[in-house]
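Coordinates from my_file36.cif are shown below (mmCIF, C-alpha atoms and all ligand atoms).
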data_final
#
loop_
_atom_site.group_PDB
_atom_site.id
_atom_site.type_symbol
_atom_site.label_atom_id
_atom_site.label_comp_id
_atom_site.auth_asym_id
_atom_site.auth_seq_id
_atom_site.Cartn_x
_atom_site.Cartn_y
_atom_site.Cartn_z
ATOM 1 C CA MET A 1 158.246 -83.010 115.773
ATOM 2 C CA SER A 2 159.746 -79.682 114.876
ATOM 3 C CA ILE A 3 160.301 -76.767 117.207
ATOM 4 C CA LYS A 4 156.977 -75.065 116.357
ATOM 5 C CA GLU A 5 155.051 -78.230 117.135
ATOM 6 C CA TYR A 6 156.303 -77.847 120.709
ATOM 7 C CA LEU A 7 154.402 -74.554 120.931
ATOM 8 C CA ASN A 8 151.372 -76.387 122.360
ATOM 9 C CA ILE A 9 153.472 -78.202 124.921
ATOM 10 C CA GLN A 10 155.964 -75.573 126.101
ATOM 11 C CA PRO A 11 154.661 -72.306 124.614
ATOM 12 C CA LYS A 12 156.737 -69.930 126.783
ATOM 13 C CA VAL A 13 159.984 -71.804 126.254
ATOM 14 C CA VAL A 14 159.571 -72.104 122.478
ATOM 15 C CA LYS A 15 158.599 -68.447 122.037
ATOM 16 C CA MET A 16 161.495 -67.320 124.192
ATOM 17 C CA LEU A 17 164.055 -69.442 122.314
ATOM 18 C CA LEU A 18 162.776 -68.371 118.886
ATOM 19 C CA ASN A 19 162.774 -64.757 119.979
ATOM 20 C CA SER A 20 166.330 -64.920 121.339
ATOM 21 C CA TYR A 21 167.480 -66.687 118.182
ATOM 22 C CA ASN A 22 165.879 -64.086 115.915
ATOM 23 C CA LYS A 23 167.440 -61.249 117.896
ATOM 24 C CA GLN A 24 170.781 -63.085 117.972
ATOM 25 C CA ARG A 25 170.653 -63.027 121.729
ATOM 26 C CA LEU A 26 170.891 -66.702 122.591
ATOM 27 C CA ALA A 27 172.706 -67.336 125.871
ATOM 28 C CA HIS A 28 175.898 -69.387 125.858
ATOM 29 C CA ALA A 29 174.658 -71.606 128.646
ATOM 30 C CA TYR A 30 171.127 -72.690 129.383
ATOM 31 C CA LEU A 31 169.795 -74.810 132.180
ATOM 32 C CA PHE A 32 166.468 -76.379 131.185
ATOM 33 C CA GLU A 33 164.675 -77.165 134.413
ATOM 34 C CA GLY A 34 161.360 -78.943 135.006
ATOM 35 C CA ALA A 35 159.631 -82.192 135.916
ATOM 36 C CA LYS A 36 160.384 -85.461 134.157
ATOM 37 C CA GLY A 37 158.662 -85.762 130.792
ATOM 38 C CA THR A 38 158.450 -82.025 130.087
ATOM 39 C CA LYS A 39 160.510 -82.398 126.867
ATOM 40 C CA LYS A 40 163.660 -80.616 128.020
ATOM 41 C CA LYS A 41 166.117 -82.775 126.103
ATOM 42 C CA ALA A 42 163.873 -82.793 123.022
ATOM 43 C CA LEU A 43 163.813 -78.986 122.977
ATOM 44 C CA ALA A 44 167.580 -78.817 123.514
ATOM 45 C CA ILE A 45 167.931 -80.910 120.336
ATOM 46 C CA GLU A 46 165.424 -78.634 118.561
ATOM 47 C CA LEU A 47 167.514 -75.617 119.540
ATOM 48 C CA ALA A 48 170.594 -77.256 118.017
ATOM 49 C CA LYS A 49 168.598 -77.887 114.814
ATOM 50 C CA LEU A 50 167.443 -74.266 114.800
ATOM 51 C CA LEU A 51 171.102 -73.189 114.795
ATOM 52 C CA TYR A 52 171.915 -75.483 111.895
ATOM 53 C CA CYS A 53 168.784 -75.878 109.758
ATOM 54 C CA GLU A 54 169.269 -74.956 106.102
ATOM 55 C CA LYS A 55 165.970 -73.063 106.248
ATOM 56 C CA GLN A 56 167.247 -70.293 108.477
ATOM 57 C CA GLY A 57 165.055 -69.499 111.470
ATOM 58 C CA GLU A 58 163.166 -72.790 111.204
ATOM 59 C CA VAL A 59 163.508 -76.464 111.931
ATOM 60 C CA CYS A 60 162.571 -78.319 108.750
ATOM 61 C CA ASN A 61 163.475 -81.844 109.953
ATOM 62 C CA GLU A 62 164.318 -82.664 106.339
ATOM 63 C CA CYS A 63 167.684 -81.081 105.603
ATOM 64 C CA ILE A 64 170.895 -82.996 106.168
ATOM 65 C CA ASN A 65 171.708 -80.977 109.308
ATOM 66 C CA CYS A 66 168.314 -81.528 110.950
ATOM 67 C CA ILE A 67 168.544 -85.236 110.176
ATOM 68 C CA ARG A 68 172.088 -85.601 111.489
ATOM 69 C CA ILE A 69 171.235 -83.755 114.700
ATOM 70 C CA GLU A 70 168.069 -85.834 115.165
ATOM 71 C CA HIS A 71 170.165 -89.001 114.892
ATOM 72 C CA GLN A 72 172.889 -87.566 117.095
ATOM 73 C CA ASN A 73 175.601 -87.846 114.487
ATOM 74 C CA HIS A 74 176.350 -84.217 113.724
ATOM 75 C CA PRO A 75 180.055 -83.679 114.566
ATOM 76 C CA ASN A 76 179.437 -80.261 116.177
ATOM 77 C CA VAL A 77 176.466 -81.249 118.318
ATOM 78 C CA LEU A 78 177.407 -83.460 121.244
ATOM 79 C CA VAL A 79 174.809 -85.055 123.462
ATOM 80 C CA VAL A 80 175.785 -86.609 126.771
ATOM 81 C CA GLU A 81 173.239 -88.503 128.817
ATOM 82 C CA ALA A 82 173.267 -90.639 131.924
ATOM 83 C CA ASP A 83 174.279 -94.223 131.384
ATOM 84 C CA ASN A 84 172.996 -96.547 134.140
ATOM 85 C CA ASN A 85 171.741 -93.525 136.027
ATOM 86 C CA THR A 86 175.106 -91.746 136.232
ATOM 87 C CA ILE A 87 177.103 -89.456 133.994
ATOM 88 C CA LYS A 88 180.593 -90.914 134.190
ATOM 89 C CA LYS A 89 183.881 -89.086 134.532
ATOM 90 C CA GLU A 90 184.987 -90.414 131.117
ATOM 91 C CA GLN A 91 181.954 -88.843 129.486
ATOM 92 C CA VAL A 92 182.849 -85.473 130.957
ATOM 93 C CA LEU A 93 186.525 -85.878 129.988
ATOM 94 C CA TYR A 94 185.441 -86.594 126.439
ATOM 95 C CA LEU A 95 183.382 -83.427 126.428
ATOM 96 C CA GLN A 96 186.299 -81.394 127.745
ATOM 97 C CA GLN A 97 188.577 -82.702 125.006
ATOM 98 C CA GLU A 98 186.002 -81.940 122.347
ATOM 99 C CA TYR A 99 185.490 -78.500 123.786
ATOM 100 C CA HIS A 100 188.974 -77.350 122.938
ATOM 101 C CA LYS A 101 189.155 -78.932 119.497
ATOM 102 C CA THR A 102 188.428 -76.836 116.459
ATOM 103 C CA THR A 103 185.311 -77.883 114.628
ATOM 104 C CA LEU A 104 185.554 -80.186 111.643
ATOM 105 C CA GLU A 105 182.684 -78.417 109.974
ATOM 106 C CA PRO A 106 181.783 -74.748 110.030
ATOM 107 C CA GLY A 107 179.159 -73.697 112.531
ATOM 108 C CA PRO A 108 178.668 -73.386 116.272
ATOM 109 C CA LYS A 109 179.407 -76.150 118.739
ATOM 110 C CA VAL A 110 176.487 -77.323 120.806
ATOM 111 C CA TYR A 111 176.870 -79.362 123.965
ATOM 112 C CA ILE A 112 173.776 -80.941 125.430
ATOM 113 C CA ILE A 113 174.148 -82.600 128.806
ATOM 114 C CA ASP A 114 170.954 -84.317 129.840
ATOM 115 C CA LYS A 115 170.070 -84.762 133.524
ATOM 116 C CA ILE A 116 173.124 -83.130 135.053
ATOM 117 C CA GLU A 117 171.877 -84.116 138.507
ATOM 118 C CA LYS A 118 173.299 -87.544 137.587
ATOM 119 C CA MET A 119 176.827 -86.120 137.622
ATOM 120 C CA SER A 120 179.242 -86.331 140.526
ATOM 121 C CA ILE A 121 180.217 -83.016 142.129
ATOM 122 C CA ASN A 122 183.687 -83.355 140.594
ATOM 123 C CA ALA A 123 182.287 -83.873 137.140
ATOM 124 C CA ALA A 124 179.863 -80.998 137.597
ATOM 125 C CA ASN A 125 182.702 -78.734 138.707
ATOM 126 C CA SER A 126 184.676 -79.609 135.625
ATOM 127 C CA ILE A 127 181.859 -78.545 133.322
ATOM 128 C CA LEU A 128 181.771 -75.211 135.145
ATOM 129 C CA LYS A 129 184.836 -74.243 133.138
ATOM 130 C CA PHE A 130 182.840 -74.624 129.916
ATOM 131 C CA ILE A 131 180.241 -72.206 130.968
ATOM 132 C CA GLU A 132 182.451 -69.787 132.880
ATOM 133 C CA GLU A 133 184.733 -68.952 129.983
ATOM 134 C CA PRO A 134 182.643 -69.648 126.920
ATOM 135 C CA VAL A 135 184.541 -70.115 123.701
ATOM 136 C CA ALA A 136 183.012 -68.043 120.886
ATOM 137 C CA ASP A 137 180.184 -69.719 118.993
ATOM 138 C CA THR A 138 179.621 -72.375 121.633
ATOM 139 C CA TYR A 139 176.326 -73.239 123.275
ATOM 140 C CA THR A 140 175.911 -75.470 126.303
ATOM 141 C CA ILE A 141 172.464 -76.719 127.223
ATOM 142 C CA LEU A 142 172.092 -78.539 130.513
ATOM 143 C CA THR A 143 168.875 -80.186 131.619
ATOM 144 C CA THR A 144 167.662 -81.315 135.011
ATOM 145 C CA ASP A 145 164.551 -82.908 136.506
ATOM 146 C CA ASN A 146 165.576 -81.569 139.882
ATOM 147 C CA LEU A 147 166.959 -78.050 140.210
ATOM 148 C CA HIS A 148 167.523 -78.550 143.949
ATOM 149 C CA GLN A 149 170.265 -81.064 143.236
ATOM 150 C CA ILE A 150 172.292 -78.689 141.084
ATOM 151 C CA LEU A 151 175.331 -76.793 142.366
ATOM 152 C CA PRO A 152 174.504 -73.114 142.882
ATOM 153 C CA THR A 153 177.684 -72.215 140.977
ATOM 154 C CA ILE A 154 176.242 -73.909 137.885
ATOM 155 C CA ILE A 155 172.799 -72.357 138.276
ATOM 156 C CA SER A 156 174.267 -68.879 138.633
ATOM 157 C CA ARG A 157 176.199 -69.147 135.370
ATOM 158 C CA CYS A 158 173.328 -70.402 133.236
ATOM 159 C CA GLN A 159 170.155 -68.855 131.997
ATOM 160 C CA VAL A 160 167.595 -71.013 133.802
ATOM 161 C CA ILE A 161 164.522 -71.875 131.734
ATOM 162 C CA ASN A 162 161.532 -73.340 133.588
ATOM 163 C CA PHE A 163 159.575 -76.042 131.797
ATOM 164 C CA GLN A 164 155.910 -76.220 132.803
ATOM 165 C CA PRO A 165 154.078 -79.516 133.361
ATOM 166 C CA ILE A 166 152.651 -80.814 130.082
ATOM 167 C CA PRO A 167 148.955 -79.871 129.626
ATOM 168 C CA LYS A 168 146.760 -82.988 130.004
ATOM 169 C CA ALA A 169 144.974 -82.110 126.745
ATOM 170 C CA SER A 170 148.248 -82.462 124.810
ATOM 171 C CA ILE A 171 148.806 -85.928 126.260
ATOM 172 C CA VAL A 172 145.207 -86.944 125.465
ATOM 173 C CA ASN A 173 145.630 -85.751 121.849
ATOM 174 C CA TYR A 174 148.912 -87.589 121.512
ATOM 175 C CA LEU A 175 147.327 -90.821 122.752
ATOM 176 C CA ILE A 176 144.318 -90.455 120.437
ATOM 177 C CA GLU A 177 146.638 -89.809 117.476
ATOM 178 C CA ASN A 178 148.326 -93.064 118.391
ATOM 179 C CA GLY A 179 145.083 -95.020 118.265
ATOM 180 C CA VAL A 180 144.085 -94.984 121.941
ATOM 181 C CA ASP A 181 140.355 -94.771 122.723
ATOM 182 C CA THR A 182 139.356 -91.262 123.910
ATOM 183 C CA TYR A 183 137.990 -92.467 127.249
ATOM 184 C CA ILE A 184 141.098 -94.532 128.072
ATOM 185 C CA ALA A 185 143.318 -91.650 126.865
ATOM 186 C CA GLY A 186 141.616 -89.322 129.361
ATOM 187 C CA ILE A 187 142.307 -91.684 132.238
ATOM 188 C CA CYS A 188 145.898 -92.460 131.213
ATOM 189 C CA SER A 189 146.719 -88.751 130.869
ATOM 190 C CA HIS A 190 146.163 -88.494 134.616
ATOM 191 C CA LEU A 191 148.602 -91.262 135.422
ATOM 192 C CA THR A 192 151.754 -89.570 134.123
ATOM 193 C CA ASN A 193 153.087 -86.323 132.668
ATOM 194 C CA ASP A 194 155.189 -88.083 130.085
ATOM 195 C CA PHE A 195 153.911 -88.711 126.525
ATOM 196 C CA ASP A 196 155.771 -91.947 125.938
ATOM 197 C CA LYS A 197 155.023 -93.298 129.387
ATOM 198 C CA ALA A 198 151.318 -92.496 128.900
ATOM 199 C CA LEU A 199 151.298 -94.395 125.600
ATOM 200 C CA GLU A 200 153.070 -97.336 127.202
ATOM 201 C CA ILE A 201 150.416 -97.486 129.956
ATOM 202 C CA ALA A 202 147.542 -97.101 127.477
ATOM 203 C CA ASN A 203 148.915 -99.982 125.385
ATOM 204 C CA ASN A 204 149.301 -102.267 128.382
ATOM 205 C CA ASP A 205 146.475 -104.854 128.249
ATOM 206 C CA LYS A 206 146.190 -104.825 132.032
ATOM 207 C CA ILE A 207 145.125 -101.200 132.230
ATOM 208 C CA ILE A 208 141.631 -101.912 130.841
ATOM 209 C CA ASN A 209 141.070 -104.611 133.470
ATOM 210 C CA ILE A 210 142.361 -102.309 136.184
ATOM 211 C CA ILE A 211 139.970 -99.552 135.066
ATOM 212 C CA ASP A 212 137.043 -102.028 135.042
ATOM 213 C CA LEU A 213 137.931 -103.190 138.539
ATOM 214 C CA VAL A 214 138.183 -99.639 139.849
ATOM 215 C CA ILE A 215 134.765 -98.818 138.386
ATOM 216 C CA MET A 216 133.227 -101.914 139.999
ATOM 217 C CA ILE A 217 134.766 -101.128 143.370
ATOM 218 C CA SER A 218 133.835 -97.446 143.242
ATOM 219 C CA GLN A 219 130.269 -98.292 142.246
ATOM 220 C CA ALA A 220 130.113 -100.813 145.073
ATOM 221 C CA ILE A 221 131.136 -98.046 147.469
ATOM 222 C CA LEU A 222 128.441 -95.692 146.135
ATOM 223 C CA ASN A 223 125.883 -98.543 146.139
ATOM 224 C CA LYS A 224 126.904 -99.503 149.665
ATOM 225 C CA GLN A 225 127.486 -103.091 148.535
ATOM 226 C CA GLU A 226 129.169 -105.267 151.125
ATOM 227 C CA ASP A 227 130.780 -107.754 148.763
ATOM 228 C CA ILE A 228 133.776 -105.678 147.713
ATOM 229 C CA ILE A 229 136.314 -108.445 148.466
ATOM 230 C CA VAL A 230 134.269 -110.849 146.297
ATOM 231 C CA LEU A 231 134.500 -108.352 143.416
ATOM 232 C CA LEU A 232 138.235 -108.408 143.776
ATOM 233 C CA GLU A 233 138.386 -112.198 143.797
ATOM 234 C CA ASN A 234 136.244 -112.435 140.654
ATOM 235 C CA SER A 235 138.177 -109.815 138.727
ATOM 236 C CA ASN A 236 140.749 -110.425 135.973
ATOM 237 C CA VAL A 237 143.344 -108.413 137.833
ATOM 238 C CA ASP A 238 145.584 -109.903 140.463
ATOM 239 C CA LEU A 239 146.597 -107.015 142.680
ATOM 240 C CA THR A 240 148.718 -109.154 144.947
ATOM 241 C CA LYS A 241 151.440 -110.283 142.523
ATOM 242 C CA ASP A 242 152.752 -107.252 140.682
ATOM 243 C CA LYS A 243 153.587 -104.035 142.499
ATOM 244 C CA LYS A 244 153.233 -101.985 139.299
ATOM 245 C CA VAL A 245 149.675 -103.304 138.791
ATOM 246 C CA SER A 246 148.810 -102.364 142.377
ATOM 247 C CA GLU A 247 150.290 -98.927 141.838
ATOM 248 C CA TYR A 248 148.145 -98.300 138.740
ATOM 249 C CA PHE A 249 145.119 -99.656 140.578
ATOM 250 C CA LEU A 250 145.630 -97.181 143.431
ATOM 251 C CA ASP A 251 146.219 -94.284 141.028
ATOM 252 C CA VAL A 252 143.121 -95.050 138.951
ATOM 253 C CA LEU A 253 141.053 -95.533 142.115
ATOM 254 C CA LEU A 254 142.244 -92.150 143.333
ATOM 255 C CA ILE A 255 141.089 -90.533 140.073
ATOM 256 C CA TYR A 256 137.649 -92.129 140.432
ATOM 257 C CA LEU A 257 137.308 -91.045 144.069
ATOM 258 C CA ARG A 258 138.293 -87.503 143.110
ATOM 259 C CA ASP A 259 135.646 -87.606 140.368
ATOM 260 C CA ILE A 260 133.041 -88.543 142.981
ATOM 261 C CA GLN A 261 134.333 -85.743 145.198
ATOM 262 C CA ASN A 262 134.052 -83.258 142.311
ATOM 263 C CA ALA A 263 130.529 -84.402 141.494
ATOM 264 C CA LYS A 264 129.627 -84.029 145.159
ATOM 265 C CA ASN A 265 130.804 -80.407 144.898
ATOM 266 C CA ASN A 266 128.735 -79.925 141.725
ATOM 267 C CA ASN A 267 131.829 -79.858 139.558
ATOM 268 C CA PHE A 268 131.110 -82.204 136.659
ATOM 269 C CA GLU A 269 134.438 -81.881 134.868
ATOM 270 C CA ILE A 270 135.321 -85.461 135.541
ATOM 271 C CA VAL A 271 137.726 -88.020 134.082
ATOM 272 C CA PHE A 272 135.389 -91.037 134.099
ATOM 273 C CA VAL A 273 132.978 -89.338 131.725
ATOM 274 C CA ASN A 274 131.237 -92.622 130.837
ATOM 275 C CA ASP A 275 130.180 -92.982 134.482
ATOM 276 C CA LEU A 276 128.911 -89.458 134.994
ATOM 277 C CA ASN A 277 125.215 -90.492 135.092
ATOM 278 C CA PHE A 278 125.855 -93.202 137.622
ATOM 279 C CA ILE A 279 127.980 -90.939 139.807
ATOM 280 C CA GLN A 280 125.383 -88.148 139.712
ATOM 281 C CA GLN A 281 122.660 -90.570 140.766
ATOM 282 C CA TYR A 282 124.478 -92.188 143.667
ATOM 283 C CA VAL A 283 126.666 -89.407 144.977
ATOM 284 C CA VAL A 284 124.095 -88.781 147.742
ATOM 285 C CA ASN A 285 124.959 -92.194 149.208
ATOM 286 C CA ILE A 286 128.326 -91.045 150.482
ATOM 287 C CA SER A 287 129.184 -88.167 152.815
ATOM 288 C CA LYS A 288 131.919 -85.629 152.101
ATOM 289 C CA GLU A 289 133.736 -86.785 155.237
ATOM 290 C CA LYS A 290 133.699 -90.426 154.173
ATOM 291 C CA LEU A 291 135.021 -89.436 150.735
ATOM 292 C CA ILE A 292 137.922 -87.522 152.228
ATOM 293 C CA TYR A 293 138.591 -90.469 154.528
ATOM 294 C CA ASN A 294 138.643 -92.846 151.535
ATOM 295 C CA ILE A 295 140.960 -90.621 149.512
ATOM 296 C CA ASN A 296 143.332 -90.483 152.487
ATOM 297 C CA GLU A 297 143.228 -94.272 152.808
ATOM 298 C CA VAL A 298 144.279 -94.665 149.167
ATOM 299 C CA LEU A 299 147.063 -92.117 149.623
ATOM 300 C CA LYS A 300 148.264 -94.033 152.704
ATOM 301 C CA ALA A 301 148.206 -97.289 150.728
ATOM 302 C CA LYS A 302 150.327 -95.634 148.020
ATOM 303 C CA ILE A 303 152.928 -94.679 150.624
ATOM 304 C CA ASN A 304 152.907 -98.165 152.150
ATOM 305 C CA LEU A 305 153.302 -99.669 148.706
ATOM 306 C CA GLU A 306 156.502 -97.695 148.250
ATOM 307 C CA TYR A 307 157.839 -99.185 151.461
ATOM 308 C CA ASN A 308 157.243 -102.672 150.061
ATOM 309 C CA ALA A 309 154.368 -103.579 152.307
ATOM 310 C CA ASN A 310 152.813 -107.036 151.905
ATOM 311 C CA LEU A 311 150.530 -106.579 148.879
ATOM 312 C CA VAL A 312 147.800 -108.991 150.025
ATOM 313 C CA LEU A 313 147.483 -107.324 153.427
ATOM 314 C CA LEU A 314 147.721 -103.851 151.948
ATOM 315 C CA ILE A 315 144.887 -104.349 149.431
ATOM 316 C CA ASP A 316 142.595 -106.255 151.843
ATOM 317 C CA HIS A 317 143.119 -103.632 154.531
ATOM 318 C CA LEU A 318 142.409 -100.812 152.075
ATOM 319 C CA LEU A 319 139.224 -102.354 150.669
ATOM 320 C CA LEU A 320 137.830 -103.039 154.146
ATOM 321 C CA ASN A 321 138.502 -99.435 155.153
ATOM 322 C CA LEU A 322 136.884 -98.083 151.983
ATOM 323 C CA MET A 323 133.594 -99.802 152.809
HETATM 324 ZN ZN ZN B 1 166.482 -78.408 108.555
#
So, in terms of structure tokens, how does the structure I just supplied come out?
Amino acid sequence: MSIKEYLNIQPKVVKMLLNSYNKQRLAHAYLFEGAKGTKKKALAIELAKLLYCEKQGEVCNECINCIRIEHQNHPNVLVVEADNNTIKKEQVLYLQQEYHKTTLEPGPKVYIIDKIEKMSINAANSILKFIEEPVADTYTILTTDNLHQILPTIISRCQVINFQPIPKASIVNYLIENGVDTYIAGICSHLTNDFDKALEIANNDKIINIIDLVIMISQAILNKQEDIIVLLENSNVDLTKDKKVSEYFLDVLLIYLRDIQNAKNNNFEIVFVNDLNFIQQYVVNISKEKLIYNINEVLKAKINLEYNANLVLLIDHLLLNLM
């Protein structure tokens, strides 16, 4: 992707960066802040390409500079990211050494430090020096998934850029472009905000079986069928072995219940579009109160799942309560 292709995903950020670049008013230190999967690191790399692309004011992705930056082997663009969930002291020391060296090639130096919340306080303090006394023609771009974990001294010295959650429609389009069925893409886009994660889920064979099971269970609820546990036993999904499978099951079930709730409120913008007719027909069989109760039960099960509850008990208990 090139920087302009991110216009659909992070329109404000891209416009602001292009504008600052064109007016030669880029800040020396940025802090890209926003939820996981909002493309903060990717846009930091795009900004580095913008500074170096042979087609000035663009990111062509074809010139030698764009290619070297993409592959993280441009000598003036250094990218540091957490290794085993931490940014180590040695990584920061390396950056500090590089910071004072003169560049081997002409052009600005760009430091990208991804997920600075993974740094120790000592390490974070040492990068403060970079941004406090910027050397000419140096840009530092920090990213974080969690602004609350960042030292106020760092925040105050950076221009903080907020990254908005990715629009669901962009994730759906991305999945469809990658060969995912439209209906499945719609459901998967509600399971995560991250493009790659969404594709990984959509390509997991189990997800189709989980969706089928959720539909059967939800229809059983609307039909007031009593044999919900039998449905579970006859399904292709074993919810009692793999915590991840149970987690997806609960998330997909939550989406379906919210669809029923929307239909009940005459809002027909639903995710399970293939089931709209069924839902419209049977929505009278369940009261608003019971729906809210069921949604709460699924939310409670999600919390219990995090605390490693016994999966068999958790699922049986939930299904009994849903009926
Ligand atoms: Zn280029």
Please enumerate the residues selected by the PyMOL selection byres (((not hetatm)) within 8 of (chain B and resi 1)) when evaluated against the supplied file, formatted as a tab-separated table (two decimals) with C-alpha atoms, keeping the file's coordinate frame.
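Produced file selection-v3.tsv, reproduced below:
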chain	number	residue	atom	x	y	z
A	49	LYS	CA	168.60	-77.89	114.81
A	50	LEU	CA	167.44	-74.27	114.80
A	52	TYR	CA	171.92	-75.48	111.90
A	53	CYS	CA	168.78	-75.88	109.76
A	54	GLU	CA	169.27	-74.96	106.10
A	55	LYS	CA	165.97	-73.06	106.25
A	58	GLU	CA	163.17	-72.79	111.20
A	59	VAL	CA	163.51	-76.46	111.93
A	60	CYS	CA	162.57	-78.32	108.75
A	61	ASN	CA	163.48	-81.84	109.95
A	62	GLU	CA	164.32	-82.66	106.34
A	63	CYS	CA	167.68	-81.08	105.60
A	64	ILE	CA	170.90	-83.00	106.17
A	65	ASN	CA	171.71	-80.98	109.31
A	66	CYS	CA	168.31	-81.53	110.95
A	67	ILE	CA	168.54	-85.24	110.18
For this session: Excluding A:Leu319 and residues on its chain fewer than 5 positions from it, collect all residues at most 9 Å away from it, counting only C-alpha atoms, and give them as number ranges by chain.
Result: A: 217, 228-229, 314
Dump as a Markdown table the rows for residues of stretch 101-128 of chain A within 12 Å of stretch 32-46 of chain A: closest atom pair and distance in Å with one decimal, all atoms listed in the file counted, ordered by chain and rising residue number.
| residue | atom | partner | partner_atom | distance |
| --- | --- | --- | --- | --- |
| A:Val110 | CA | A:Ile45 | CA | 9.3 |
| A:Tyr111 | CA | A:Ala44 | CA | 9.3 |
| A:Ile112 | CA | A:Ala44 | CA | 6.8 |
| A:Ile113 | CA | A:Lys41 | CA | 8.5 |
| A:Asp114 | CA | A:Lys41 | CA | 6.3 |
| A:Lys115 | CA | A:Lys41 | CA | 8.6 |
| A:Ile116 | CA | A:Phe32 | CA | 10.2 |
| A:Glu117 | CA | A:Glu33 | CA | 10.8 |
Point (151.7, -79.1, 135.5) neighbourhood (12 Å, all atoms listed in the file) written as a compact mmCIF listing (two decimals) with C-alpha atoms, in the coordinates of the input:
# COMPACT_ATOMS: atom_id res chain seq x y z
CA ILE A 9 153.47 -78.20 124.92
CA GLN A 10 155.96 -75.57 126.10
CA GLY A 34 161.36 -78.94 135.01
CA ALA A 35 159.63 -82.19 135.92
CA LYS A 36 160.38 -85.46 134.16
CA GLY A 37 158.66 -85.76 130.79
CA THR A 38 158.45 -82.02 130.09
CA ASN A 162 161.53 -73.34 133.59
CA PHE A 163 159.57 -76.04 131.80
CA GLN A 164 155.91 -76.22 132.80
CA PRO A 165 154.08 -79.52 133.36
CA ILE A 166 152.65 -80.81 130.08
CA PRO A 167 148.96 -79.87 129.63
CA LYS A 168 146.76 -82.99 130.00
CA ALA A 169 144.97 -82.11 126.74
CA SER A 170 148.25 -82.46 124.81
CA ILE A 171 148.81 -85.93 126.26
CA SER A 189 146.72 -88.75 130.87
CA HIS A 190 146.16 -88.49 134.62
CA THR A 192 151.75 -89.57 134.12
CA ASN A 193 153.09 -86.32 132.67
CA ASP A 194 155.19 -88.08 130.08
For this session: Extract, using all atoms listed in the file, all DNA, RNA and protein residues at most 10 Å from A:Tyr248, discarding same-chain residues fewer than 3 positions from it, and format them as a PyMOL selection string.
Result: chain A and resi 188+191+201+206-207+210-211+239+243-245+251-254+302
Exercise. If we count all atoms listed in the file, what is near A:Ser126 at a cut-off of 9 Å, once residues fewer than 6 positions away on the same chain are taken out, given as a PyMOL selection string?
Worked result: chain A and resi 92-93+96
Exercise. Exactly which residues make up the result of the PyMOL selection byres (((chain A and resi 134-138) around 12) and not hetatm) on this file, given as a PyMOL selection string?
Worked result: chain A and resi 24-30+48+51+76-78+98-103+106-112+127-133+139-141+157-158
Include C-alpha atoms and write out the residues we just selected as a PDB file, keeping the file's coordinate frame.
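Result written to result07.pdb:
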ATOM      1  CA  GLN A  24     170.781 -63.085 117.972  1.00  0.00           C
ATOM      2  CA  ARG A  25     170.653 -63.027 121.729  1.00  0.00           C
ATOM      3  CA  LEU A  26     170.891 -66.702 122.591  1.00  0.00           C
ATOM      4  CA  ALA A  27     172.706 -67.336 125.871  1.00  0.00           C
ATOM      5  CA  HIS A  28     175.898 -69.387 125.858  1.00  0.00           C
ATOM      6  CA  ALA A  29     174.658 -71.606 128.646  1.00  0.00           C
ATOM      7  CA  TYR A  30     171.127 -72.690 129.383  1.00  0.00           C
ATOM      8  CA  ALA A  48     170.594 -77.256 118.017  1.00  0.00           C
ATOM      9  CA  LEU A  51     171.102 -73.189 114.795  1.00  0.00           C
ATOM     10  CA  ASN A  76     179.437 -80.261 116.177  1.00  0.00           C
ATOM     11  CA  VAL A  77     176.466 -81.249 118.318  1.00  0.00           C
ATOM     12  CA  LEU A  78     177.407 -83.460 121.244  1.00  0.00           C
ATOM     13  CA  GLU A  98     186.002 -81.940 122.347  1.00  0.00           C
ATOM     14  CA  TYR A  99     185.490 -78.500 123.786  1.00  0.00           C
ATOM     15  CA  HIS A 100     188.974 -77.350 122.938  1.00  0.00           C
ATOM     16  CA  LYS A 101     189.155 -78.932 119.497  1.00  0.00           C
ATOM     17  CA  THR A 102     188.428 -76.836 116.459  1.00  0.00           C
ATOM     18  CA  THR A 103     185.311 -77.883 114.628  1.00  0.00           C
ATOM     19  CA  PRO A 106     181.783 -74.748 110.030  1.00  0.00           C
ATOM     20  CA  GLY A 107     179.159 -73.697 112.531  1.00  0.00           C
ATOM     21  CA  PRO A 108     178.668 -73.386 116.272  1.00  0.00           C
ATOM     22  CA  LYS A 109     179.407 -76.150 118.739  1.00  0.00           C
ATOM     23  CA  VAL A 110     176.487 -77.323 120.806  1.00  0.00           C
ATOM     24  CA  TYR A 111     176.870 -79.362 123.965  1.00  0.00           C
ATOM     25  CA  ILE A 112     173.776 -80.941 125.430  1.00  0.00           C
ATOM     26  CA  ILE A 127     181.859 -78.545 133.322  1.00  0.00           C
ATOM     27  CA  LEU A 128     181.771 -75.211 135.145  1.00  0.00           C
ATOM     28  CA  LYS A 129     184.836 -74.243 133.138  1.00  0.00           C
ATOM     29  CA  PHE A 130     182.840 -74.624 129.916  1.00  0.00           C
ATOM     30  CA  ILE A 131     180.241 -72.206 130.968  1.00  0.00           C
ATOM     31  CA  GLU A 132     182.451 -69.787 132.880  1.00  0.00           C
ATOM     32  CA  GLU A 133     184.733 -68.952 129.983  1.00  0.00           C
ATOM     33  CA  TYR A 139     176.326 -73.239 123.275  1.00  0.00           C
ATOM     34  CA  THR A 140     175.911 -75.470 126.303  1.00  0.00           C
ATOM     35  CA  ILE A 141     172.464 -76.719 127.223  1.00  0.00           C
ATOM     36  CA  ARG A 157     176.199 -69.147 135.370  1.00  0.00           C
ATOM     37  CA  CYS A 158     173.328 -70.402 133.236  1.00  0.00           C
TER      38      CYS A 158
END
Problem set entry | stretch 280-286 of chain A surroundings by only C-alpha atoms, 10 Å radius, close-in-sequence under 5 positions cut, as a ChimeraX atom specification | /A:219,221-224,260-266,268,275,291
